[in-house]
Amino acid sequence: MPVIQRVWEALDYPCAERLHPVLLDTARNLARHGHLHLTDLIISQLQKISRPTLARKLSTLRCPKVRPTVNKRKPLAELRSQVPMIAYDWDETRPGALEIDLVEHNGGSSLGHFAYTLTVTDVVSGYTRRRALLGKSQLAVLRELKYIIAEWPMQPWGIHSDNGQEFLNAHLKTFCASNNIRFTRSRPYRKNDNAHVEQKNGFLVRQLVGYERYDRPEQVEWLNSLYALHDRYFNCCLPTRKLIGKERRGARVKKTFDTAKTPVARLIETNVLPPEQTQRLQAYQTSQDPLALHHQLEAMLSRPVTSASAAQPVEAV
């Protein structure tokens with residue numbers, strides 16, 4: 001056993017499967033260097049020892065090496081199990097159910113650092129806000145989401161996202177829990193679970209700024225100035241239709257839509273806002289000049305973003 005232990009130590013404490021084939025040769029090598037004294041009996045025993053016997057002998061020895069602790073917990077999988085998978089009902093009537101999503105502005109290449117647009121929409125009224133950010137770190141996404149919610153006309157009761165780690169993390173979960181907001185997620189590979197915000201991504205982001213690459217701080221600043229202006233234009237001036245009924249007729253589904261209204265008007269009609277908030281929103285909507293906003297938007301979109309001076313601050317909703 002002292003010979004086996006010394007050979008085991010010299011080879012950095014291998015298992016029996018690795019030690020057994022080289023046990024005798026290594027013992028003779030150590031003996032030539034004066035670390036061991038081998039007798040004919042010891043050599044005979046080393047020749048005859050089997051691998052299972054060697055394994056039992058090694059199990060009685062204590063390895064001084066610190067074994068790395070393997071964390072069997074999978075934080076993301078554990079977090080996913082805590083966030084329920086649902087999809088808001090298409091006929092949801094209680095405003096404050098928000099769907100959130102990110103849109104890439106990479107110009108067709110995912111290499112490097114580039115901008116994203118965070119879109120937040122209310123599934124009942126269609127009220128939507130957007131913010132651009134550089135990169136999609138969890139804290140940066142949470143910062144912009146807090147900025148949007150702080151200016152939301154009412155306290156939301158739900159936030160629904162996809163399964164991206166920019167949303168599905170402890171930071172957002174803690175924020176929702178501390179603000180009494182129900183945090184839910186879509187089923188994997190089911191974009192229709194987030195249909196309301198996905199539709200807004202196409203209509204309010206891609207149709208507005210296209211598929212160009214934005215990867216500089218001044219471009220993000222320009223995007224946020226554009227979104228602040230366009231959020232006013234969309235929420236207060238642009239009428240939209242909302243699905244109010246579905247009827248299946250054989251292989252077809254007949255859909256019924258309500259009369260076109262602005263998101264602010266539809267939000268006011270839900271009668272969930274306090275009277276003073278309702279009056280403020282009505283006055284704000286009345287004060288907007290659709291044609292002037294339209295001309296301002298066209299002027300901003302016609303100017304290339306070359307410096308930070310291209311981004312002019314505008315009034316937010």
# chains A, B, ... in the order shown; residues from 1 in each chain; ligands from 1

$ closest_atom_pairs --of "range 180-293 of chain A" --to "range 117-128 of chain A" --cutoff "8 Å" --atoms "only C-alpha atoms" --output "tab-separated table"
residue	atom	partner	partner_atom	distance
A:His196	CA	A:Val123	CA	6.1
A:Val197	CA	A:Thr121	CA	5.9
A:Lys200	CA	A:Thr119	CA	7.7
A:Asn201	CA	A:Thr119	CA	7.0
A:Val205	CA	A:Thr117	CA	7.8
A:Asp231	CA	A:Thr128	CA	7.0
A:Asn235	CA	A:Tyr127	CA	5.9
A:Pro263	CA	A:Tyr127	CA	4.9
A:Val264	CA	A:Tyr127	CA	6.6
A:Arg266	CA	A:Ser125	CA	5.3
A:Leu267	CA	A:Ser125	CA	5.1

$ residues_around --residues "range 152-163 of chain A" --least-positions-apart "5" --cutoff "8 Å" --atoms "only C-alpha atoms" --output "PyMOL selection string"
chain A and resi 95-101+168+176+180-188+191+194+273+277

$ residues_around --residues "Leu293 in chain A" --least-positions-apart "5" --cutoff "9 Å" --atoms "only C-alpha atoms" --output "ChimeraX atom specification"
/A:229-230,232-233,288,298

$ write_last_selection --atoms "C-alpha atoms" --output "PDB file, in the first residue's frame"
ATOM      1  CA  LEU A 229     -42.970  62.112 -30.817  1.00  0.00           C
ATOM      2  CA  HIS A 230     -44.526  59.118 -32.558  1.00  0.00           C
ATOM      3  CA  ARG A 232     -47.986  60.977 -28.998  1.00  0.00           C
ATOM      4  CA  TYR A 233     -49.051  60.742 -32.631  1.00  0.00           C
ATOM      5  CA  GLN A 288     -52.494  67.466 -30.129  1.00  0.00           C
ATOM      6  CA  GLU A 298     -41.512  63.382 -41.679  1.00  0.00           C
TER       7      GLU A 298
END

$ residues_around --residues "range 38-40 of chain A" --least-positions-apart "6" --cutoff "10 Å" --atoms "only C-alpha atoms" --output "PyMOL selection string"
chain A and resi 3+27-28+30-32+46

$ write_last_selection --atoms "N, CA and C atoms" --output "PDB file, in the first residue's frame"
ATOM      1  N   VAL A   3       3.629   1.752  -1.497  1.00  0.00           N
ATOM      2  CA  VAL A   3       4.094   1.939  -2.873  1.00  0.00           C
ATOM      3  C   VAL A   3       2.956   2.446  -3.756  1.00  0.00           C
ATOM      4  N   ALA A  27       6.150   2.731 -10.683  1.00  0.00           N
ATOM      5  CA  ALA A  27       6.824   2.369  -9.432  1.00  0.00           C
ATOM      6  C   ALA A  27       8.321   2.141  -9.686  1.00  0.00           C
ATOM      7  N   ARG A  28       8.660   1.470 -10.785  1.00  0.00           N
ATOM      8  CA  ARG A  28      10.071   1.245 -11.113  1.00  0.00           C
ATOM      9  C   ARG A  28      10.773   2.571 -11.418  1.00  0.00           C
ATOM     10  N   LEU A  30       9.991   5.535 -10.167  1.00  0.00           N
ATOM     11  CA  LEU A  30      10.200   6.237  -8.895  1.00  0.00           C
ATOM     12  C   LEU A  30      11.331   5.578  -8.090  1.00  0.00           C
ATOM     13  N   ALA A  31      11.453   4.257  -8.212  1.00  0.00           N
ATOM     14  CA  ALA A  31      12.531   3.568  -7.505  1.00  0.00           C
ATOM     15  C   ALA A  31      13.880   3.983  -8.064  1.00  0.00           C
ATOM     16  N   ARG A  32      13.986   4.156  -9.396  1.00  0.00           N
ATOM     17  CA  ARG A  32      15.262   4.595  -9.990  1.00  0.00           C
ATOM     18  C   ARG A  32      15.658   5.981  -9.500  1.00  0.00           C
ATOM     19  N   LEU A  46       2.511  -6.069  -7.382  1.00  0.00           N
ATOM     20  CA  LEU A  46       2.062  -5.034  -8.319  1.00  0.00           C
ATOM     21  C   LEU A  46       1.694  -5.626  -9.676  1.00  0.00           C
TER      22      LEU A  46
END

$ residues_around --residues "range 103-115 of chain A" --least-positions-apart "4" --cutoff "12 Å" --atoms "only C-alpha atoms" --output "ChimeraX atom specification"
/A:119-120,130-137,140-141,197-206,209-224

$ write_last_selection --atoms "N, CA and C atoms" --output "mmCIF file, in the first residue's frame"
data_model
loop_
_atom_site.group_PDB
_atom_site.id
_atom_site.type_symbol
_atom_site.label_atom_id
_atom_site.label_comp_id
_atom_site.auth_asym_id
_atom_site.auth_seq_id
_atom_site.Cartn_x
_atom_site.Cartn_y
_atom_site.Cartn_z
ATOM 1 N N THR A 119 -40.659 47.561 -26.921
ATOM 2 C CA THR A 119 -42.049 47.919 -27.199
ATOM 3 C C THR A 119 -42.925 47.392 -26.074
ATOM 4 N N VAL A 120 -43.765 48.266 -25.535
ATOM 5 C CA VAL A 120 -44.694 47.899 -24.471
ATOM 6 C C VAL A 120 -46.093 48.314 -24.916
ATOM 7 N N ARG A 130 -42.567 53.105 -26.577
ATOM 8 C CA ARG A 130 -41.327 52.487 -27.045
ATOM 9 C C ARG A 130 -40.125 53.250 -26.491
ATOM 10 N N ARG A 131 -39.034 52.505 -26.282
ATOM 11 C CA ARG A 131 -37.757 53.095 -25.879
ATOM 12 C C ARG A 131 -36.638 52.316 -26.558
ATOM 13 N N ALA A 132 -35.646 53.046 -27.048
ATOM 14 C CA ALA A 132 -34.472 52.421 -27.658
ATOM 15 C C ALA A 132 -33.359 52.322 -26.635
ATOM 16 N N LEU A 133 -32.533 51.287 -26.755
ATOM 17 C CA LEU A 133 -31.393 51.107 -25.873
ATOM 18 C C LEU A 133 -30.272 50.439 -26.655
ATOM 19 N N LEU A 134 -29.041 50.651 -26.204
ATOM 20 C CA LEU A 134 -27.878 50.068 -26.865
ATOM 21 C C LEU A 134 -27.533 48.760 -26.161
ATOM 22 N N GLY A 135 -27.649 47.645 -26.881
ATOM 23 C CA GLY A 135 -27.480 46.341 -26.259
ATOM 24 C C GLY A 135 -28.770 45.921 -25.569
ATOM 25 N N LYS A 136 -28.751 44.704 -25.033
ATOM 26 C CA LYS A 136 -29.961 44.211 -24.365
ATOM 27 C C LYS A 136 -29.615 43.548 -23.027
ATOM 28 N N SER A 137 -28.757 44.206 -22.265
ATOM 29 C CA SER A 137 -28.450 43.682 -20.940
ATOM 30 C C SER A 137 -29.712 43.716 -20.081
ATOM 31 N N ALA A 140 -30.268 47.077 -18.362
ATOM 32 C CA ALA A 140 -30.636 48.146 -19.292
ATOM 33 C C ALA A 140 -32.085 48.001 -19.723
ATOM 34 N N VAL A 141 -32.523 46.779 -20.002
ATOM 35 C CA VAL A 141 -33.919 46.553 -20.379
ATOM 36 C C VAL A 141 -34.847 46.918 -19.229
ATOM 37 N N VAL A 197 -48.115 42.704 -29.104
ATOM 38 C CA VAL A 197 -46.876 43.480 -29.222
ATOM 39 C C VAL A 197 -46.123 43.115 -30.490
ATOM 40 N N GLU A 198 -46.244 41.874 -30.957
ATOM 41 C CA GLU A 198 -45.596 41.502 -32.213
ATOM 42 C C GLU A 198 -46.178 42.319 -33.371
ATOM 43 N N GLN A 199 -47.491 42.536 -33.347
ATOM 44 C CA GLN A 199 -48.109 43.345 -34.387
ATOM 45 C C GLN A 199 -47.623 44.787 -34.311
ATOM 46 N N LYS A 200 -47.449 45.300 -33.094
ATOM 47 C CA LYS A 200 -46.963 46.671 -32.936
ATOM 48 C C LYS A 200 -45.505 46.787 -33.381
ATOM 49 N N ASN A 201 -44.722 45.715 -33.215
ATOM 50 C CA ASN A 201 -43.330 45.747 -33.681
ATOM 51 C C ASN A 201 -43.258 46.010 -35.180
ATOM 52 N N GLY A 202 -44.138 45.362 -35.926
ATOM 53 C CA GLY A 202 -44.126 45.579 -37.365
ATOM 54 C C GLY A 202 -44.668 46.938 -37.756
ATOM 55 N N PHE A 203 -45.769 47.326 -37.131
ATOM 56 C CA PHE A 203 -46.452 48.561 -37.515
ATOM 57 C C PHE A 203 -45.736 49.810 -36.993
ATOM 58 N N LEU A 204 -45.243 49.764 -35.761
ATOM 59 C CA LEU A 204 -44.713 50.965 -35.115
ATOM 60 C C LEU A 204 -43.196 51.031 -35.055
ATOM 61 N N VAL A 205 -42.517 49.954 -35.432
ATOM 62 C CA VAL A 205 -41.049 49.986 -35.404
ATOM 63 C C VAL A 205 -40.494 49.761 -36.812
ATOM 64 N N ARG A 206 -40.792 48.611 -37.409
ATOM 65 C CA ARG A 206 -40.211 48.309 -38.722
ATOM 66 C C ARG A 206 -40.714 49.271 -39.798
ATOM 67 N N VAL A 209 -38.855 52.879 -38.814
ATOM 68 C CA VAL A 209 -37.405 53.076 -38.954
ATOM 69 C C VAL A 209 -36.748 52.006 -39.810
ATOM 70 N N GLY A 210 -37.506 51.039 -40.293
ATOM 71 C CA GLY A 210 -36.966 50.062 -41.218
ATOM 72 C C GLY A 210 -36.039 49.053 -40.569
ATOM 73 N N TYR A 211 -35.097 48.567 -41.376
ATOM 74 C CA TYR A 211 -34.189 47.501 -40.950
ATOM 75 C C TYR A 211 -32.737 47.975 -40.931
ATOM 76 N N GLU A 212 -32.532 49.287 -40.828
ATOM 77 C CA GLU A 212 -31.167 49.815 -40.801
ATOM 78 C C GLU A 212 -30.459 49.416 -39.513
ATOM 79 N N ARG A 213 -29.125 49.536 -39.521
ATOM 80 C CA ARG A 213 -28.334 49.250 -38.327
ATOM 81 C C ARG A 213 -28.125 50.535 -37.545
ATOM 82 N N TYR A 214 -28.432 50.483 -36.262
ATOM 83 C CA TYR A 214 -28.202 51.598 -35.346
ATOM 84 C C TYR A 214 -27.314 51.065 -34.220
ATOM 85 N N ASP A 215 -26.107 51.600 -34.129
ATOM 86 C CA ASP A 215 -25.169 51.066 -33.142
ATOM 87 C C ASP A 215 -24.358 52.151 -32.438
ATOM 88 N N ARG A 216 -24.808 53.404 -32.498
ATOM 89 C CA ARG A 216 -24.088 54.495 -31.840
ATOM 90 C C ARG A 216 -25.009 55.188 -30.841
ATOM 91 N N PRO A 217 -24.454 55.740 -29.777
ATOM 92 C CA PRO A 217 -25.306 56.401 -28.767
ATOM 93 C C PRO A 217 -26.163 57.514 -29.346
ATOM 94 N N GLU A 218 -25.615 58.299 -30.297
ATOM 95 C CA GLU A 218 -26.414 59.382 -30.862
ATOM 96 C C GLU A 218 -27.584 58.847 -31.684
ATOM 97 N N GLN A 219 -27.420 57.657 -32.271
ATOM 98 C CA GLN A 219 -28.533 57.064 -33.005
ATOM 99 C C GLN A 219 -29.619 56.578 -32.054
ATOM 100 N N VAL A 220 -29.217 56.045 -30.911
ATOM 101 C CA VAL A 220 -30.201 55.642 -29.900
ATOM 102 C C VAL A 220 -30.944 56.866 -29.379
ATOM 103 N N GLU A 221 -30.219 57.972 -29.189
ATOM 104 C CA GLU A 221 -30.853 59.206 -28.744
ATOM 105 C C GLU A 221 -31.873 59.695 -29.784
ATOM 106 N N TRP A 222 -31.496 59.598 -31.063
ATOM 107 C CA TRP A 222 -32.412 59.997 -32.127
ATOM 108 C C TRP A 222 -33.652 59.110 -32.150
ATOM 109 N N LEU A 223 -33.458 57.798 -31.971
ATOM 110 C CA LEU A 223 -34.599 56.884 -31.940
ATOM 111 C C LEU A 223 -35.549 57.229 -30.801
ATOM 112 N N ASN A 224 -35.008 57.547 -29.636
ATOM 113 C CA ASN A 224 -35.866 57.865 -28.499
ATOM 114 C C ASN A 224 -36.615 59.174 -28.708
#

$ closest_atom_pairs --of "range 152-268 of chain A" --to "range 75-79 of chain A" --cutoff "9 Å" --atoms "only C-alpha atoms" --output "tab-separated table"
residue	atom	partner	partner_atom	distance
A:Gln165	CA	A:Leu76	CA	8.2
A:Leu168	CA	A:Leu79	CA	7.4
A:Asn169	CA	A:Leu79	CA	7.1
A:Ala170	CA	A:Leu79	CA	7.6
A:Lys173	CA	A:Leu79	CA	8.8

$ residues_around --residues "Met1 in chain A" --least-positions-apart "4" --cutoff "9 Å" --atoms "only C-alpha atoms" --output "PyMOL selection string"
chain A and resi 5-6+57

$ select_by_dssp --residues "range 115-220 of chain A" --states "helix (DSSP H, G or I)" --output "MDAnalysis selection string"
chainID A and resid 138:150 170:178 191:209 217:220

$ write_last_selection --atoms "N, CA and C atoms" --output "short mmCIF file (atom, residue, chain, number, x, y, z; two decimals), in the first residue's frame"
data_model
loop_
_atom_site.label_atom_id
_atom_site.label_comp_id
_atom_site.auth_asym_id
_atom_site.auth_seq_id
_atom_site.Cartn_x
_atom_site.Cartn_y
_atom_site.Cartn_z
N GLN A 138 -29.77 42.83 -19.11
CA GLN A 138 -30.96 42.71 -18.28
C GLN A 138 -31.25 44.01 -17.53
N LEU A 139 -30.22 44.65 -17.00
CA LEU A 139 -30.44 45.88 -16.23
C LEU A 139 -30.84 47.03 -17.14
N ALA A 140 -30.27 47.08 -18.36
CA ALA A 140 -30.64 48.15 -19.29
C ALA A 140 -32.09 48.00 -19.72
N VAL A 141 -32.52 46.78 -20.00
CA VAL A 141 -33.92 46.55 -20.38
C VAL A 141 -34.85 46.92 -19.23
N LEU A 142 -34.48 46.53 -18.01
CA LEU A 142 -35.31 46.86 -16.85
C LEU A 142 -35.37 48.37 -16.64
N ARG A 143 -34.25 49.06 -16.86
CA ARG A 143 -34.24 50.52 -16.70
C ARG A 143 -35.23 51.18 -17.65
N GLU A 144 -35.22 50.78 -18.91
CA GLU A 144 -36.15 51.38 -19.87
C GLU A 144 -37.59 50.98 -19.59
N LEU A 145 -37.81 49.76 -19.12
CA LEU A 145 -39.16 49.34 -18.78
C LEU A 145 -39.69 50.15 -17.60
N LYS A 146 -38.85 50.39 -16.61
CA LYS A 146 -39.27 51.23 -15.48
C LYS A 146 -39.61 52.64 -15.95
N TYR A 147 -38.82 53.16 -16.89
CA TYR A 147 -39.07 54.49 -17.42
C TYR A 147 -40.45 54.55 -18.07
N ILE A 148 -40.79 53.53 -18.85
CA ILE A 148 -42.09 53.51 -19.53
C ILE A 148 -43.23 53.37 -18.54
N ILE A 149 -43.10 52.44 -17.59
CA ILE A 149 -44.18 52.20 -16.63
C ILE A 149 -44.40 53.40 -15.74
N ALA A 150 -43.33 54.14 -15.42
CA ALA A 150 -43.48 55.33 -14.59
C ALA A 150 -44.36 56.37 -15.26
N ALA A 170 -34.04 37.38 -12.74
CA ALA A 170 -34.43 37.72 -11.36
C ALA A 170 -34.72 39.20 -11.19
N HIS A 171 -34.06 40.07 -11.98
CA HIS A 171 -34.28 41.52 -11.84
C HIS A 171 -35.72 41.88 -12.16
N LEU A 172 -36.23 41.42 -13.31
CA LEU A 172 -37.60 41.74 -13.70
C LEU A 172 -38.60 41.04 -12.79
N LYS A 173 -38.30 39.82 -12.39
CA LYS A 173 -39.21 39.09 -11.50
C LYS A 173 -39.35 39.81 -10.17
N THR A 174 -38.23 40.29 -9.63
CA THR A 174 -38.27 41.02 -8.37
C THR A 174 -39.03 42.34 -8.51
N PHE A 175 -38.81 43.03 -9.62
CA PHE A 175 -39.52 44.29 -9.87
C PHE A 175 -41.02 44.06 -9.92
N CYS A 176 -41.46 43.03 -10.63
CA CYS A 176 -42.88 42.75 -10.73
C CYS A 176 -43.46 42.38 -9.36
N ALA A 177 -42.74 41.55 -8.62
CA ALA A 177 -43.24 41.14 -7.31
C ALA A 177 -43.37 42.33 -6.36
N SER A 178 -42.41 43.25 -6.40
CA SER A 178 -42.44 44.39 -5.49
C SER A 178 -43.49 45.42 -5.87
N LYS A 191 -44.99 32.56 -31.05
CA LYS A 191 -45.02 34.02 -31.12
C LYS A 191 -46.44 34.57 -30.97
N ASN A 192 -47.43 33.77 -31.31
CA ASN A 192 -48.80 34.26 -31.22
C ASN A 192 -49.25 34.45 -29.79
N ASP A 193 -48.52 33.90 -28.83
CA ASP A 193 -48.83 34.16 -27.42
C ASP A 193 -48.54 35.62 -27.07
N ASN A 194 -47.77 36.30 -27.88
CA ASN A 194 -47.42 37.70 -27.67
C ASN A 194 -47.87 38.53 -28.88
N ALA A 195 -49.06 38.18 -29.39
CA ALA A 195 -49.47 38.68 -30.70
C ALA A 195 -49.65 40.19 -30.74
N HIS A 196 -50.14 40.80 -29.67
CA HIS A 196 -50.43 42.23 -29.69
C HIS A 196 -49.17 43.06 -29.86
N VAL A 197 -48.12 42.70 -29.10
CA VAL A 197 -46.88 43.48 -29.22
C VAL A 197 -46.12 43.12 -30.49
N GLU A 198 -46.24 41.87 -30.96
CA GLU A 198 -45.60 41.50 -32.21
C GLU A 198 -46.18 42.32 -33.37
N GLN A 199 -47.49 42.54 -33.35
CA GLN A 199 -48.11 43.35 -34.39
C GLN A 199 -47.62 44.79 -34.31
N LYS A 200 -47.45 45.30 -33.09
CA LYS A 200 -46.96 46.67 -32.94
C LYS A 200 -45.51 46.79 -33.38
N ASN A 201 -44.72 45.72 -33.22
CA ASN A 201 -43.33 45.75 -33.68
C ASN A 201 -43.26 46.01 -35.18
N GLY A 202 -44.14 45.36 -35.93
CA GLY A 202 -44.13 45.58 -37.37
C GLY A 202 -44.67 46.94 -37.76
N PHE A 203 -45.77 47.33 -37.13
CA PHE A 203 -46.45 48.56 -37.51
C PHE A 203 -45.74 49.81 -36.99
N LEU A 204 -45.24 49.76 -35.76
CA LEU A 204 -44.71 50.97 -35.12
C LEU A 204 -43.20 51.03 -35.06
N VAL A 205 -42.52 49.95 -35.43
CA VAL A 205 -41.05 49.99 -35.40
C VAL A 205 -40.49 49.76 -36.81
N ARG A 206 -40.79 48.61 -37.41
CA ARG A 206 -40.21 48.31 -38.72
C ARG A 206 -40.71 49.27 -39.80
N GLN A 207 -42.02 49.57 -39.81
CA GLN A 207 -42.52 50.49 -40.81
C GLN A 207 -42.04 51.92 -40.57
N LEU A 208 -41.63 52.20 -39.36
CA LEU A 208 -41.19 53.56 -39.03
C LEU A 208 -39.72 53.77 -39.32
N VAL A 209 -38.85 52.88 -38.81
CA VAL A 209 -37.41 53.08 -38.95
C VAL A 209 -36.75 52.01 -39.81
N PRO A 217 -24.45 55.74 -29.78
CA PRO A 217 -25.31 56.40 -28.77
C PRO A 217 -26.16 57.51 -29.35
N GLU A 218 -25.62 58.30 -30.30
CA GLU A 218 -26.41 59.38 -30.86
C GLU A 218 -27.58 58.85 -31.68
N GLN A 219 -27.42 57.66 -32.27
CA GLN A 219 -28.53 57.06 -33.00
C GLN A 219 -29.62 56.58 -32.05
N VAL A 220 -29.22 56.05 -30.91
CA VAL A 220 -30.20 55.64 -29.90
C VAL A 220 -30.94 56.87 -29.38
#

$ residues_around --residues "Ile244 in chain A" --least-positions-apart "4" --cutoff "7 Å" --atoms "only C-alpha atoms" --output "short mmCIF file (atom, residue, chain, number, x, y, z; two decimals) with N, CA and C atoms, in the first residue's frame"
data_model
loop_
_atom_site.label_atom_id
_atom_site.label_comp_id
_atom_site.auth_asym_id
_atom_site.auth_seq_id
_atom_site.Cartn_x
_atom_site.Cartn_y
_atom_site.Cartn_z
N ASP A 91 -60.20 38.51 -25.80
CA ASP A 91 -61.30 39.38 -25.38
C ASP A 91 -61.10 39.92 -23.97
N THR A 256 -64.91 40.09 -36.04
CA THR A 256 -65.66 41.34 -35.95
C THR A 256 -64.84 42.36 -35.19
N PHE A 257 -64.75 43.57 -35.73
CA PHE A 257 -63.96 44.63 -35.11
C PHE A 257 -64.87 45.78 -34.69
N ASP A 258 -64.43 46.50 -33.66
CA ASP A 258 -65.21 47.64 -33.20
C ASP A 258 -64.94 48.85 -34.09
#

$ select_by_dssp --residues "range 146-310 of chain A" --states "strand (DSSP E or B)" --output "PyMOL selection string"
chain A and resi 158-161+182-185+213+240+243-249+252-257+261

$ atom_distance --atom1 "CA of Val22 in chain A" --atom2 "CA of Val7 in chain A"
9.3 Å
